[in-house]
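**Q** Sending over a structure as structure tokens; questions will come in a sec.
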Amino acid sequence: MSAVKPLEAVARDRVGKGAAREVRRQGNVPAVIYGGGQAPQAIAIDLVRTRTLIYAGGFKTTLFEINAGGRKTRAIPRDFQLDPVTGVPLHVDFLRVVAGQNLTVEVPVHFINEDEAPGIKKNGGTLNVVLHTLSLEVPADAIPDAVEVDLTGLQIGDSIHIEAVKLPANTTFTGEAEATVANVVPPTVLGAEVEAEEAAIAEAQSTEAAEEKAEEAAEDAEEAAENKKED
């Protein structure tokens, strides 16, 4: 279970694009805490601390105790935005956590005992992961860091379905009842899929290049026609 982590913050009086830009210029990240039957609370959190937490992994399954000017609130990250070019955090949304509340979170899957799977170790099969995370409804004070899936004894062609996965107590999977978590495939299967995907990408790029060339030609023709009119 993830421990509750402290997070220092500063309360914000102003909101909006201009206020958010000012917060970022000061080396902080604008954020908001909402839910729990209370009004939203605008805060600012340190940029370096926020970036470290996000890129360390497990950010959205971590319960924080946020201290904003002496007012402490337990909350869990619900969403965050990153700059598409630099990857710098731009904004974070936190959901207040009330005692006794259940939350739906995405928990990562960790596969163990791969060396004990004959289909992989002896026969050269490949583990094809279908679900890298599981959507789970869990108590707010018992969010698991990860769910372990045991690969012991798996042969090529075997699949692991969600009903075979041991979930923590008081935890419910919210996806499809017969969802496949992973399977063991022959080594050539994934290779063929990769080749097909690469071929599709190459074709799409070729089509895009042809479209761009045609568009440029059309623009040149239009410009030539305009010049002809002027003459």
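Residues are referred to by chain and number: the chain letter is A, B, ... according to the order shown in the structure tokens, the number counts from 1 in that chain, and ligands are numbered separately from 1 in the order shown.
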Taking 3 positions as the minimum chain separation for residues in the same chain, which residues sit within 7 Å of stretch 24-35 of chain A when counting only C-alpha atoms? Answer as a PDB file with N, CA and C atoms, in the first residue's frame.
**A**
```pdb
ATOM      1  N   ALA A  20      -2.208  31.847 -13.693  1.00  0.00           N
ATOM      2  CA  ALA A  20      -1.459  30.595 -13.857  1.00  0.00           C
ATOM      3  C   ALA A  20      -0.080  30.861 -14.455  1.00  0.00           C
ATOM      4  N   ARG A  21      -0.018  31.773 -15.418  1.00  0.00           N
ATOM      5  CA  ARG A  21       1.281  32.108 -16.024  1.00  0.00           C
ATOM      6  C   ARG A  21       2.223  32.721 -14.988  1.00  0.00           C
ATOM      7  N   GLN A  38     -16.864  20.072  -1.029  1.00  0.00           N
ATOM      8  CA  GLN A  38     -16.353  21.400  -0.681  1.00  0.00           C
ATOM      9  C   GLN A  38     -16.022  22.186  -1.941  1.00  0.00           C
ATOM     10  N   ALA A  39     -15.861  23.483  -1.771  1.00  0.00           N
ATOM     11  CA  ALA A  39     -15.517  24.337  -2.909  1.00  0.00           C
ATOM     12  C   ALA A  39     -14.090  24.043  -3.362  1.00  0.00           C
ATOM     13  N   PRO A  40     -13.808  24.203  -4.648  1.00  0.00           N
ATOM     14  CA  PRO A  40     -12.441  23.993  -5.136  1.00  0.00           C
ATOM     15  C   PRO A  40     -11.457  24.940  -4.450  1.00  0.00           C
ATOM     16  N   GLN A  41     -10.245  24.458  -4.221  1.00  0.00           N
ATOM     17  CA  GLN A  41      -9.192  25.260  -3.606  1.00  0.00           C
ATOM     18  C   GLN A  41      -8.024  25.370  -4.567  1.00  0.00           C
ATOM     19  N   ALA A  42      -7.700  26.593  -4.983  1.00  0.00           N
ATOM     20  CA  ALA A  42      -6.585  26.831  -5.893  1.00  0.00           C
ATOM     21  C   ALA A  42      -5.291  26.899  -5.092  1.00  0.00           C
ATOM     22  N   ILE A  43      -4.278  26.147  -5.551  1.00  0.00           N
ATOM     23  CA  ILE A  43      -2.984  26.124  -4.875  1.00  0.00           C
ATOM     24  C   ILE A  43      -1.859  26.188  -5.901  1.00  0.00           C
ATOM     25  N   ALA A  44      -0.643  26.367  -5.399  1.00  0.00           N
ATOM     26  CA  ALA A  44       0.560  26.299  -6.237  1.00  0.00           C
ATOM     27  C   ALA A  44       1.537  25.360  -5.548  1.00  0.00           C
ATOM     28  N   ILE A  45       2.184  24.485  -6.325  1.00  0.00           N
ATOM     29  CA  ILE A  45       3.149  23.542  -5.775  1.00  0.00           C
ATOM     30  C   ILE A  45       4.472  23.686  -6.524  1.00  0.00           C
ATOM     31  N   ASP A  46       5.544  23.362  -5.828  1.00  0.00           N
ATOM     32  CA  ASP A  46       6.885  23.542  -6.381  1.00  0.00           C
ATOM     33  C   ASP A  46       7.080  22.733  -7.671  1.00  0.00           C
ATOM     34  N   LEU A  47       7.643  23.383  -8.688  1.00  0.00           N
ATOM     35  CA  LEU A  47       7.826  22.742  -9.990  1.00  0.00           C
ATOM     36  C   LEU A  47       8.749  21.539  -9.914  1.00  0.00           C
ATOM     37  N   PRO A  89       5.635  20.046 -16.124  1.00  0.00           N
ATOM     38  CA  PRO A  89       4.253  20.059 -15.619  1.00  0.00           C
ATOM     39  C   PRO A  89       3.643  21.460 -15.712  1.00  0.00           C
ATOM     40  N   LEU A  90       2.418  21.527 -16.216  1.00  0.00           N
ATOM     41  CA  LEU A  90       1.733  22.804 -16.378  1.00  0.00           C
ATOM     42  C   LEU A  90       0.579  22.981 -15.398  1.00  0.00           C
ATOM     43  N   HIS A  91      -0.047  21.875 -14.985  1.00  0.00           N
ATOM     44  CA  HIS A  91      -1.210  21.973 -14.088  1.00  0.00           C
ATOM     45  C   HIS A  91      -1.501  20.594 -13.508  1.00  0.00           C
ATOM     46  N   VAL A  92      -2.015  20.581 -12.280  1.00  0.00           N
ATOM     47  CA  VAL A  92      -2.389  19.326 -11.636  1.00  0.00           C
ATOM     48  C   VAL A  92      -3.768  19.470 -11.004  1.00  0.00           C
ATOM     49  N   ASP A  93      -4.606  18.456 -11.177  1.00  0.00           N
ATOM     50  CA  ASP A  93      -5.902  18.381 -10.518  1.00  0.00           C
ATOM     51  C   ASP A  93      -5.830  17.335  -9.412  1.00  0.00           C
ATOM     52  N   PHE A  94      -6.244  17.705  -8.198  1.00  0.00           N
ATOM     53  CA  PHE A  94      -6.295  16.780  -7.075  1.00  0.00           C
ATOM     54  C   PHE A  94      -7.746  16.557  -6.654  1.00  0.00           C
ATOM     55  N   LEU A  95      -8.072  15.330  -6.273  1.00  0.00           N
ATOM     56  CA  LEU A  95      -9.391  14.997  -5.765  1.00  0.00           C
ATOM     57  C   LEU A  95      -9.310  14.802  -4.260  1.00  0.00           C
ATOM     58  N   ARG A  96     -10.143  15.539  -3.504  1.00  0.00           N
ATOM     59  CA  ARG A  96     -10.176  15.361  -2.054  1.00  0.00           C
ATOM     60  C   ARG A  96     -10.590  13.938  -1.713  1.00  0.00           C
TER      61      ARG A  96
END
```
**Q** Report as number ranges by chain all protein, DNA and RNA residues lying within 8 Å of A:Lys166, evaluated on only C-alpha atoms, omitting residues in the same chain fewer than 5 positions from it.
**A** A: 147-149
**Q** Please write the residues from the selection above to a file, keeping all heavy atoms, as an mmCIF file, in the first residue's frame.
**A**
```
data_model
loop_
_atom_site.group_PDB
_atom_site.id
_atom_site.type_symbol
_atom_site.label_atom_id
_atom_site.label_comp_id
_atom_site.auth_asym_id
_atom_site.auth_seq_id
_atom_site.Cartn_x
_atom_site.Cartn_y
_atom_site.Cartn_z
ATOM 1 N N VAL A 147 -0.087 -4.538 -8.748
ATOM 2 C CA VAL A 147 -0.682 -5.877 -8.653
ATOM 3 C C VAL A 147 0.289 -6.847 -9.309
ATOM 4 O O VAL A 147 0.713 -6.639 -10.448
ATOM 5 C CB VAL A 147 -2.050 -5.934 -9.365
ATOM 6 C CG1 VAL A 147 -2.559 -7.372 -9.426
ATOM 7 C CG2 VAL A 147 -3.061 -5.060 -8.646
ATOM 8 N N GLU A 148 0.664 -7.889 -8.582
ATOM 9 C CA GLU A 148 1.610 -8.873 -9.113
ATOM 10 C C GLU A 148 0.883 -10.012 -9.811
ATOM 11 O O GLU A 148 -0.130 -10.513 -9.310
ATOM 12 C CB GLU A 148 2.484 -9.429 -7.985
ATOM 13 C CG GLU A 148 3.475 -8.418 -7.432
ATOM 14 C CD GLU A 148 4.473 -9.055 -6.472
ATOM 15 O OE1 GLU A 148 4.206 -10.193 -5.994
ATOM 16 O OE2 GLU A 148 5.511 -8.430 -6.200
ATOM 17 N N VAL A 149 1.404 -10.401 -10.971
ATOM 18 C CA VAL A 149 0.858 -11.518 -11.738
ATOM 19 C C VAL A 149 1.951 -12.567 -11.889
ATOM 20 O O VAL A 149 3.024 -12.281 -12.430
ATOM 21 C CB VAL A 149 0.367 -11.050 -13.128
ATOM 22 C CG1 VAL A 149 -0.082 -12.243 -13.961
ATOM 23 C CG2 VAL A 149 -0.785 -10.068 -12.981
#
```
**Q** Would you mind telling me which residue in A:Ala179, A:Ala3, A:Val138, A:Ile143 lies nearest to A:Thr104 when using only C-alpha atoms?
**A**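 Using only C-alpha atoms, the shortest distance to A:Thr104 belongs to A:Val138.
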**Q** So that I can see what lies close to A:Thr171, please list as a ChimeraX atom specification the residues with an atom at most 9 Å from it, counting only C-alpha atoms and leaving out residues fewer than 3 positions away in the same chain.
**A** /A:136-139,167-168
**Q** Can you write out the residues you just picked, keeping all heavy atoms, as a CSV table (one decimal), in the first residue's frame?
**A**
```csv
chain,number,residue,atom,x,y,z
A,136,LEU,N,-9.0,-0.3,-10.8
A,136,LEU,CA,-9.5,-1.0,-9.6
A,136,LEU,C,-10.3,0.0,-8.7
A,136,LEU,O,-9.9,1.2,-8.6
A,136,LEU,CB,-8.3,-1.5,-8.7
A,136,LEU,CG,-7.4,-2.5,-9.4
A,136,LEU,CD1,-6.3,-2.9,-8.5
A,136,LEU,CD2,-8.2,-3.8,-9.9
A,137,GLU,N,-11.3,-0.5,-8.1
A,137,GLU,CA,-12.0,0.3,-7.0
A,137,GLU,C,-11.4,-0.1,-5.7
A,137,GLU,O,-11.5,-1.3,-5.3
A,137,GLU,CB,-13.5,0.1,-7.1
A,137,GLU,CG,-14.3,1.0,-6.1
A,137,GLU,CD,-15.8,0.8,-6.2
A,137,GLU,OE1,-16.3,0.6,-7.3
A,137,GLU,OE2,-16.4,0.9,-5.1
A,138,VAL,N,-10.8,0.8,-5.0
A,138,VAL,CA,-10.1,0.4,-3.7
A,138,VAL,C,-10.5,1.4,-2.6
A,138,VAL,O,-10.9,2.6,-2.9
A,138,VAL,CB,-8.6,0.4,-3.9
A,138,VAL,CG1,-8.2,-0.5,-5.0
A,138,VAL,CG2,-8.1,1.8,-4.3
A,139,PRO,N,-10.3,1.0,-1.4
A,139,PRO,CA,-10.4,2.0,-0.3
A,139,PRO,C,-9.4,3.1,-0.4
A,139,PRO,O,-8.2,2.8,-0.8
A,139,PRO,CB,-10.2,1.2,1.0
A,139,PRO,CG,-10.5,-0.2,0.6
A,139,PRO,CD,-10.1,-0.3,-0.9
A,167,LEU,N,-6.2,-10.2,-6.4
A,167,LEU,CA,-6.3,-8.7,-6.1
A,167,LEU,C,-6.2,-8.5,-4.6
A,167,LEU,O,-6.6,-9.4,-3.8
A,167,LEU,CB,-7.6,-8.2,-6.6
A,167,LEU,CG,-7.8,-8.3,-8.2
A,167,LEU,CD1,-9.2,-7.7,-8.5
A,167,LEU,CD2,-6.7,-7.5,-8.9
A,168,PRO,N,-5.8,-7.4,-4.2
A,168,PRO,CA,-5.7,-7.1,-2.7
A,168,PRO,C,-7.1,-7.1,-2.1
A,168,PRO,O,-8.2,-7.0,-2.8
A,168,PRO,CB,-5.2,-5.6,-2.7
A,168,PRO,CG,-4.4,-5.5,-3.9
A,168,PRO,CD,-5.2,-6.3,-5.0
```
**Q** DSSP on the backbone: which residues in stretch 134-176 of chain A end up as strand (DSSP E or B)? Give the answer as a PyMOL selection string.
**A** chain A and resi 134-139+147-150+159-161+172-173
**Q** Just the selected residues (N, CA and C atoms), exported as a compact mmCIF listing (two decimals), in the first residue's frame, please.
**A**
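Output saved as part.txt:
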```txt
# COMPACT_ATOMS: atom_id res chain seq x y z
N LEU A 134 -4.41 -1.95 -14.23
CA LEU A 134 -5.75 -2.45 -13.95
C LEU A 134 -6.56 -1.33 -13.31
N SER A 135 -7.79 -1.15 -13.78
CA SER A 135 -8.68 -0.17 -13.18
C SER A 135 -9.36 -0.82 -11.98
N LEU A 136 -9.02 -0.33 -10.79
CA LEU A 136 -9.50 -0.96 -9.56
C LEU A 136 -10.26 0.04 -8.70
N GLU A 137 -11.32 -0.46 -8.06
CA GLU A 137 -12.00 0.33 -7.03
C GLU A 137 -11.45 -0.13 -5.69
N VAL A 138 -10.85 0.81 -4.96
CA VAL A 138 -10.14 0.45 -3.73
C VAL A 138 -10.48 1.45 -2.63
N PRO A 139 -10.31 1.05 -1.36
CA PRO A 139 -10.44 2.01 -0.26
C PRO A 139 -9.37 3.09 -0.39
N VAL A 147 -0.09 -4.54 -8.75
CA VAL A 147 -0.68 -5.88 -8.65
C VAL A 147 0.29 -6.85 -9.31
N GLU A 148 0.66 -7.89 -8.58
CA GLU A 148 1.61 -8.87 -9.11
C GLU A 148 0.88 -10.01 -9.81
N VAL A 149 1.40 -10.40 -10.97
CA VAL A 149 0.86 -11.52 -11.74
C VAL A 149 1.95 -12.57 -11.89
N ASP A 150 1.68 -13.78 -11.41
CA ASP A 150 2.67 -14.86 -11.41
C ASP A 150 2.64 -15.61 -12.75
N SER A 159 -2.98 -18.00 -21.65
CA SER A 159 -3.42 -16.63 -21.37
C SER A 159 -3.71 -16.47 -19.89
N ILE A 160 -3.53 -15.27 -19.40
CA ILE A 160 -3.88 -14.94 -18.02
C ILE A 160 -5.09 -14.02 -18.06
N HIS A 161 -6.20 -14.47 -17.50
CA HIS A 161 -7.40 -13.66 -17.44
C HIS A 161 -7.54 -13.03 -16.06
N THR A 172 -11.89 -4.23 -6.15
CA THR A 172 -12.73 -4.74 -7.24
C THR A 172 -12.20 -4.25 -8.58
N PHE A 173 -12.08 -5.16 -9.53
CA PHE A 173 -11.69 -4.79 -10.89
C PHE A 173 -12.91 -4.20 -11.59
```
